[in-house]
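Reading through the structure tokens given below for one structure.
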Amino acid sequence: MGRAWPVLAMLLLAPVGRAAAQGDGGILYAYRPHAGARAEFDAGYRAHLAWHREKADSLPWYGWDVIAGRRMGEFIDGTFGIGFAALDRRVDPAGDAAHAASSFAPHATATARWLVRLRRELSTATSLEDRSPSALLQVVTYHVSPGQRAAFEDVLNVVRRSAGLAPYAVYECVVGTSDVAYMVAVERSGFGSFDAADRDPTHAIDGALAGSAVPVVQAESELWRLRRDLTLLPERAGR
């Protein structure tokens, strides 16, 4: 399996030192557990997080179940609030890959991997970077034409100045998508928060787009539920 995709993915999951630089970068992975093997996948992933903990991994690792949308049933994990250079300073990548290959990788198919950058000037919240995740994330990914990047960001700037919206973060997809994409992650405490449609930032974005000349190639919506039992949030150095 030395050249297999799951193992290559695990090479990037390896921990870095205790003093990993903070930043606005992030990396995400998506997995589809094999039919009938979700319990084995969860147990293996939980064991792999324990491996990271034993190696004193300083990075936060979040885990979500996709409970609505095209990828429903998949598991997504990722780390946020890092400098991308942290991914170059991995500790024991061979050991990490070997442990992953024997724990959770046999029970799922890796379906995606992408890097993102938080756009603080377009966001109203930084909960993942602050290690204070919400119970649910409403994630809408907007795909735009390369020539419309600046115009779409102008729309996001307008929306950010709106009052009363639920907190959200905007991530620019750096690599791993087929076109220019922005991921808007809206914090949700529960399903009841959807009753207040006027507080939905994605509705505000839709309205602002309708009044602009920006063509959105595609907008895809998902709901992610945090798996606290499959999440590792180490204390930051100095706390």
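Identifiers in this document derive from the order of the structure tokens: chains are assigned A, B, ..., residues are numbered from 1 separately in each chain, and ligands are numbered from 1 in order of occurrence.
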Please report, as a PyMOL selection string, each residue of region 44-208 of chain A to which DSSP assigns strand (DSSP E or B) when run on this structure's backbone.
chain A and resi 61-68+75-82+90+108-118+136-144+168-175+180-188
Taking the backbone alone, and naming residues the way the document does, which bits of region 21-216 of chain A are helix (DSSP H, G or I) by DSSP, as an MDAnalysis selection string?
chainID A and resid 38:54 84:88 93:103 105:107 120:122 146:160 191:195 197:199 201:210
Report as a ChimeraX atom specification all protein, DNA and RNA residues lying within 9 Å of Glu129 (chain A), evaluated on only C-alpha atoms, omitting residues in the same chain fewer than 3 positions from it.
/A:22-24,60,79-82,118,126,132-133
Region 86-156 of chain A residues near region 63-68 of chain A within 10 Å, closest pair each, using only C-alpha atoms, as JSON lines:
{"residue": "A:Ala135", "atom": "CA", "partner": "A:Trp64", "partner_atom": "CA", "distance": 9.5}
{"residue": "A:Leu136", "atom": "CA", "partner": "A:Trp64", "partner_atom": "CA", "distance": 8.7}
{"residue": "A:Leu137", "atom": "CA", "partner": "A:Trp64", "partner_atom": "CA", "distance": 8.9}
{"residue": "A:Gln138", "atom": "CA", "partner": "A:Ala68", "partner_atom": "CA", "distance": 9.4}
{"residue": "A:Val139", "atom": "CA", "partner": "A:Val66", "partner_atom": "CA", "distance": 9.9}
Pairwise distance, CA of Leu232 (chain A) with CA of Val186 (chain A), equals 21.0 Å
What gap, in Å, lies between CA of Phe152 (chain A) and CA of Arg113 (chain A)?
23.9 Å
Taking only C-alpha atoms into account, name the residue in A:Val174, A:His143, A:Arg70, A:Ala35 that is nearest to Phe84 (chain A).
A:Val174
